[in-house]
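Peer 1: Contents of final_1.cif (mmCIF, C-alpha atoms, pLDDT in the B column; chains and numbers go by the auth columns) are given next:
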data_model
#
loop_
_atom_site.group_PDB
_atom_site.id
_atom_site.type_symbol
_atom_site.label_atom_id
_atom_site.label_comp_id
_atom_site.label_asym_id
_atom_site.label_seq_id
_atom_site.Cartn_x
_atom_site.Cartn_y
_atom_site.Cartn_z
_atom_site.B_iso_or_equiv
_atom_site.auth_seq_id
_atom_site.auth_asym_id
ATOM 1 C CA MET A 1 0.000 0.000 0.000 33.00 767 S
ATOM 2 C CA ALA A 2 2.966 2.310 0.137 36.00 768 S
ATOM 3 C CA ASN A 3 2.389 3.398 -3.467 36.00 769 S
ATOM 4 C CA LEU A 4 -0.982 4.984 -2.730 35.00 770 S
ATOM 5 C CA SER A 5 -1.251 8.735 -2.902 41.00 771 S
ATOM 6 C CA GLY A 6 -3.650 11.379 -1.683 46.00 772 S
ATOM 7 C CA PRO A 7 -6.438 10.897 0.839 50.00 773 S
ATOM 8 C CA ARG A 8 -6.589 7.105 0.568 51.00 774 S
ATOM 9 C CA ALA A 9 -2.893 6.692 1.416 49.00 775 S
ATOM 10 C CA GLU A 10 -3.188 8.728 4.607 53.00 776 S
ATOM 11 C CA PHE A 11 -6.169 6.670 5.741 60.00 777 S
ATOM 12 C CA ASP A 12 -5.111 3.193 4.570 53.00 778 S
ATOM 13 C CA GLU A 13 -1.579 3.172 5.838 53.00 779 S
ATOM 14 C CA GLU A 14 -0.922 2.474 9.485 65.00 780 S
ATOM 15 C CA ASN A 15 -1.066 6.119 10.540 83.00 781 S
ATOM 16 C CA PRO A 16 -0.990 6.160 14.365 88.00 782 S
ATOM 17 C CA GLU A 17 -2.110 9.792 14.560 91.00 783 S
ATOM 18 C CA VAL A 18 -5.263 9.104 12.524 91.00 784 S
ATOM 19 C CA LYS A 19 -5.960 5.858 14.390 90.00 785 S
ATOM 20 C CA SER A 20 -5.598 7.612 17.732 92.00 786 S
ATOM 21 C CA TYR A 21 -7.937 10.395 16.655 94.00 787 S
ATOM 22 C CA ILE A 22 -10.534 7.893 15.432 93.00 788 S
ATOM 23 C CA LEU A 23 -10.412 6.092 18.785 92.00 789 S
ATOM 24 C CA GLN A 24 -10.831 9.395 20.645 95.00 790 S
ATOM 25 C CA GLN A 25 -13.851 10.300 18.542 95.00 791 S
ATOM 26 C CA ILE A 26 -15.433 6.865 18.908 93.00 792 S
ATOM 27 C CA ALA A 27 -14.969 7.048 22.684 93.00 793 S
ATOM 28 C CA GLU A 28 -17.450 9.937 22.702 94.00 794 S
ATOM 29 C CA LEU A 29 -20.128 7.516 21.454 92.00 795 S
ATOM 30 C CA GLN A 30 -19.794 5.234 24.493 90.00 796 S
ATOM 31 C CA ASN A 31 -22.978 6.461 26.183 88.00 797 S
ATOM 32 C CA PHE A 32 -24.986 5.352 23.156 89.00 798 S
ATOM 33 C CA VAL A 33 -23.558 1.897 22.450 89.00 799 S
ATOM 34 C CA THR A 34 -23.576 -1.499 24.101 89.00 800 S
ATOM 35 C CA PRO A 35 -20.780 -4.080 24.237 90.00 801 S
ATOM 36 C CA SER A 36 -22.379 -5.826 21.236 92.00 802 S
ATOM 37 C CA THR A 37 -22.448 -2.689 19.061 93.00 803 S
ATOM 38 C CA ILE A 38 -20.095 -2.870 16.085 93.00 804 S
ATOM 39 C CA VAL A 39 -18.493 0.462 15.209 93.00 805 S
ATOM 40 C CA SER A 40 -16.954 0.913 11.756 92.00 806 S
ATOM 41 C CA VAL A 41 -15.055 3.861 10.327 93.00 807 S
ATOM 42 C CA ILE A 42 -14.881 3.758 6.541 92.00 808 S
ATOM 43 C CA LEU A 43 -13.223 5.928 3.930 91.00 809 S
ATOM 44 C CA LYS A 44 -15.653 6.388 1.041 92.00 810 S
ATOM 45 C CA ASP A 45 -15.171 7.802 -2.440 91.00 811 S
ATOM 46 C CA PRO A 46 -16.018 11.519 -2.252 91.00 812 S
ATOM 47 C CA LYS A 47 -16.516 11.708 -6.047 89.00 813 S
ATOM 48 C CA ARG A 48 -19.694 9.663 -5.672 89.00 814 S
ATOM 49 C CA LEU A 49 -21.258 12.611 -3.834 87.00 815 S
ATOM 50 C CA ALA A 50 -20.952 14.960 -6.837 85.00 816 S
ATOM 51 C CA ILE A 51 -24.533 14.553 -8.081 86.00 817 S
ATOM 52 C CA GLN A 52 -26.049 14.643 -4.595 88.00 818 S
ATOM 53 C CA LEU A 53 -24.127 17.796 -3.668 85.00 819 S
ATOM 54 C CA GLU A 54 -25.128 19.457 -6.934 85.00 820 S
ATOM 55 C CA THR A 55 -28.783 18.542 -6.370 87.00 821 S
ATOM 56 C CA GLU A 56 -28.595 20.047 -2.872 89.00 822 S
ATOM 57 C CA GLY A 57 -27.095 23.260 -4.275 90.00 823 S
ATOM 58 C CA ARG A 58 -23.725 22.598 -2.654 86.00 824 S
ATOM 59 C CA ALA A 59 -21.744 21.599 -5.743 87.00 825 S
ATOM 60 C CA ILE A 60 -18.007 21.092 -5.322 89.00 826 S
ATOM 61 C CA PRO A 61 -15.793 20.996 -8.415 88.00 827 S
ATOM 62 C CA MET A 62 -14.594 17.446 -9.158 90.00 828 S
ATOM 63 C CA ASN A 63 -10.898 18.414 -8.903 91.00 829 S
ATOM 64 C CA LYS A 64 -11.521 19.630 -5.316 92.00 830 S
ATOM 65 C CA LEU A 65 -13.827 16.731 -4.460 91.00 831 S
ATOM 66 C CA LYS A 66 -11.097 14.232 -5.447 91.00 832 S
ATOM 67 C CA LYS A 67 -8.811 15.720 -2.796 92.00 833 S
ATOM 68 C CA MET A 68 -11.360 15.473 0.008 94.00 834 S
ATOM 69 C CA TYR A 69 -11.966 12.833 2.656 93.00 835 S
ATOM 70 C CA ARG A 70 -15.403 11.278 2.940 94.00 836 S
ATOM 71 C CA ILE A 71 -15.539 9.423 6.241 95.00 837 S
ATOM 72 C CA ALA A 72 -18.478 7.302 7.400 95.00 838 S
ATOM 73 C CA ILE A 73 -18.965 6.141 10.972 96.00 839 S
ATOM 74 C CA ILE A 74 -21.378 3.235 11.204 95.00 840 S
ATOM 75 C CA LEU A 75 -22.979 1.718 14.301 95.00 841 S
ATOM 76 C CA ARG A 76 -24.491 -1.752 13.926 95.00 842 S
ATOM 77 C CA GLU A 77 -26.337 -3.837 16.449 92.00 843 S
ATOM 78 C CA GLU A 78 -28.387 -6.844 15.436 91.00 844 S
ATOM 79 C CA ASP A 79 -30.626 -5.666 12.566 91.00 845 S
ATOM 80 C CA THR A 80 -30.179 -1.956 13.230 91.00 846 S
ATOM 81 C CA GLU A 81 -27.673 0.343 11.570 94.00 847 S
ATOM 82 C CA LEU A 82 -27.003 4.055 11.948 94.00 848 S
ATOM 83 C CA HIS A 83 -24.418 5.953 9.981 94.00 849 S
ATOM 84 C CA GLU A 84 -23.315 9.482 9.314 96.00 850 S
ATOM 85 C CA GLU A 85 -20.659 10.966 7.075 96.00 851 S
ATOM 86 C CA GLY A 86 -18.198 13.817 7.133 96.00 852 S
ATOM 87 C CA LEU A 87 -16.612 15.470 4.096 95.00 853 S
ATOM 88 C CA ASP A 88 -13.609 17.765 4.260 95.00 854 S
ATOM 89 C CA LYS A 89 -10.143 18.331 2.827 95.00 855 S
ATOM 90 C CA ASN A 90 -8.765 17.580 6.313 95.00 856 S
ATOM 91 C CA ILE A 91 -9.168 13.972 7.474 93.00 857 S
ATOM 92 C CA PHE A 92 -9.506 14.987 11.125 95.00 858 S
ATOM 93 C CA VAL A 93 -12.301 17.451 10.347 97.00 859 S
ATOM 94 C CA ALA A 94 -14.116 14.822 8.247 96.00 860 S
ATOM 95 C CA ILE A 95 -13.894 12.290 11.087 96.00 861 S
ATOM 96 C CA ARG A 96 -15.148 14.851 13.626 97.00 862 S
ATOM 97 C CA GLN A 97 -18.022 15.896 11.331 98.00 863 S
ATOM 98 C CA ALA A 98 -19.164 12.287 11.008 97.00 864 S
ATOM 99 C CA LYS A 99 -18.953 11.766 14.783 97.00 865 S
ATOM 100 C CA ASP A 100 -20.772 15.037 15.538 98.00 866 S
ATOM 101 C CA LYS A 101 -23.580 14.184 13.110 97.00 867 S
ATOM 102 C CA LEU A 102 -23.880 10.706 14.609 96.00 868 S
ATOM 103 C CA LEU A 103 -23.988 12.119 18.139 96.00 869 S
ATOM 104 C CA ALA A 104 -26.729 14.556 17.082 95.00 870 S
ATOM 105 C CA THR A 105 -28.759 11.705 15.559 94.00 871 S
ATOM 106 C CA LEU A 106 -28.282 9.538 18.653 92.00 872 S
ATOM 107 C CA SER A 107 -29.214 12.421 20.959 89.00 873 S
ATOM 108 C CA ASP A 108 -32.392 13.081 18.949 88.00 874 S
ATOM 109 C CA ILE A 109 -33.340 9.408 19.197 87.00 875 S
ATOM 110 C CA GLN A 110 -32.611 9.378 22.927 83.00 876 S
ATOM 111 C CA ASP A 111 -34.679 12.545 23.474 80.00 877 S
ATOM 112 C CA LYS A 112 -37.642 11.036 21.622 78.00 878 S
ATOM 113 C CA VAL A 113 -37.425 7.780 23.557 75.00 879 S
ATOM 114 C CA LEU A 114 -37.062 9.537 26.892 69.00 880 S
ATOM 115 C CA SER A 115 -39.812 12.035 26.189 71.00 881 S
ATOM 116 C CA ASN A 116 -42.188 9.227 25.150 68.00 882 S
ATOM 117 C CA SER A 117 -41.252 7.315 28.268 69.00 883 S
ATOM 118 C CA ASP A 118 -41.660 10.410 30.438 72.00 884 S
ATOM 119 C CA ARG A 119 -45.080 11.077 28.918 70.00 885 S
ATOM 120 C CA GLN A 120 -46.151 7.516 29.591 74.00 886 S
ATOM 121 C CA ASP A 121 -44.921 7.811 33.191 75.00 887 S
ATOM 122 C CA GLN A 122 -46.933 11.031 33.634 71.00 888 S
ATOM 123 C CA ILE A 123 -50.055 9.396 32.200 73.00 889 S
ATOM 124 C CA ASN A 124 -49.626 6.403 34.501 74.00 890 S
ATOM 125 C CA GLN A 125 -49.119 8.699 37.500 76.00 891 S
ATOM 126 C CA ILE A 126 -52.249 10.702 36.640 74.00 892 S
ATOM 127 C CA LEU A 127 -54.252 7.516 36.184 76.00 893 S
ATOM 128 C CA GLN A 128 -53.047 6.203 39.550 76.00 894 S
ATOM 129 C CA ASN A 129 -53.890 9.498 41.268 72.00 895 S
ATOM 130 C CA ASN A 130 -57.377 9.531 39.737 61.00 896 S
ATOM 131 C CA GLN A 131 -58.045 6.026 40.945 54.00 897 S
ATOM 132 C CA VAL A 132 -57.117 6.946 44.512 46.00 898 S
ATOM 133 C CA HIS A 133 -59.741 9.702 44.690 44.00 899 S
#
Any chance you could give the structure as structure tokens?
Peer 2:
Amino acid sequence: MANLSGPRAEFDEENPEVKSYILQQIAELQNFVTPSTIVSVILKDPKRLAIQLETEGRAIPMNKLKKMYRIAIILREEDTELHEEGLDKNIFVAIRQAKDKLLATLSDIQDKVLSNSDRQDQINQILQNNQVH
């Protein structure tokens, strides 16, 4: 793999700085995963985003897109999968973007679950109080 160049070479080769940063970022997901959760960090082809970015009005010229990192962080547990991506010319920024997006998604899910649970608890408490009267 030593003959690789550009973004793929920096990610594919045994780069301890990148590995360490990935582990630091993944550690921030600990509150949302279980021991059986599989966490994957994948380098994806940024050129495949060209049409999507153009459709969204965020077109990036292909010569710039080729030099960018597209990082996906994927959480899998049983039949469930969540993933988010980061895109930047700096690998560390792309990794952080993916982690931040994933944390936001996980927080939204947690808020919905907790608020539904809280609502159900309130309903049960009201029903219990009405039965006492």
Peer 1: Work out how far atom CA of S:Leu819 is from atom CA of S:Ile857, in Å to one decimal.
Peer 2: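 Atom CA of S:Ile857 sits 19.0 Å away from atom CA of S:Leu819.
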Peer 1: Taking the point (-19.2, 9.6, -1.3) as given in the file, collect each protein or nucleic acid residue that comes within 10 Å of it, counting only C-alpha atoms, and present the set as a list in words.
Peer 2: Leu809, Lys810, Asp811, Pro812, Lys813, Arg814, Leu815, Ala816, Ile817, Gln818, Leu819, Leu831, Met834, Tyr835, Arg836, Ile837, Ala838, Glu851, Gly852 and Leu853 of chain S
Peer 1: What's the separation between atom CA of S:Asp874 and atom CA of S:Val799, in Å to one decimal place?
Peer 2: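 Spanning atom CA of S:Asp874 to atom CA of S:Val799 is a straight-line distance of 14.7 Å.
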Peer 1: Listed atoms of stretch 805-817 of chain S, axis-aligned box, 4 Å per side: centre and edge lengths to one decimal in Å, as AutoDock Vina command-line options?
Peer 2:
--center_x -18.9 --center_y 7.7 --center_z 3.6 --size_x 19.3 --size_y 22.5 --size_z 31.3
Peer 1: Carefully work through the PyMOL selection byres ((chain S and resi 787) around 12) for this structure and note down the residues it includes, as an NGL selection string.
Peer 2: :S and (777 or 781-786 or 788-794 or 807 or 857-862 or 865)
Peer 1: Take atom CA of S:Arg842 and atom CA of S:Asp877 and report the distance between them in Å, one decimal.
Peer 2: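 We find that atom CA of S:Arg842 and atom CA of S:Asp877 lie 20.0 Å from each other.
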Peer 1: Which one of S:Lys878, S:Lys855, S:Lys867, S:His849 sits closest to S:Ile804 if you count all atoms listed in the file?
Peer 2: S:His849
Peer 1: Using only C-alpha atoms, find the one residue out of S:Asp884, S:Glu820, S:Asp866, S:Asp854 that sits nearest to S:Lys832.
Peer 2: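 For S:Lys832, the nearest of the candidates is S:Asp854.
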Peer 1: Find the residue from S:Leu795, S:Pro801, S:Ile892, S:Ser873 that sits nearest to S:Glu844; use all atoms listed in the file when measuring.
Peer 2: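 Using all atoms listed in the file, S:Glu844 sits closest to S:Pro801.
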Peer 1: Given only C-alpha atoms as the basis, pick out the residue of S:Ala825, S:Ile889, S:Val879, S:Leu868 nearest to S:Leu848.
Peer 2: S:Leu868
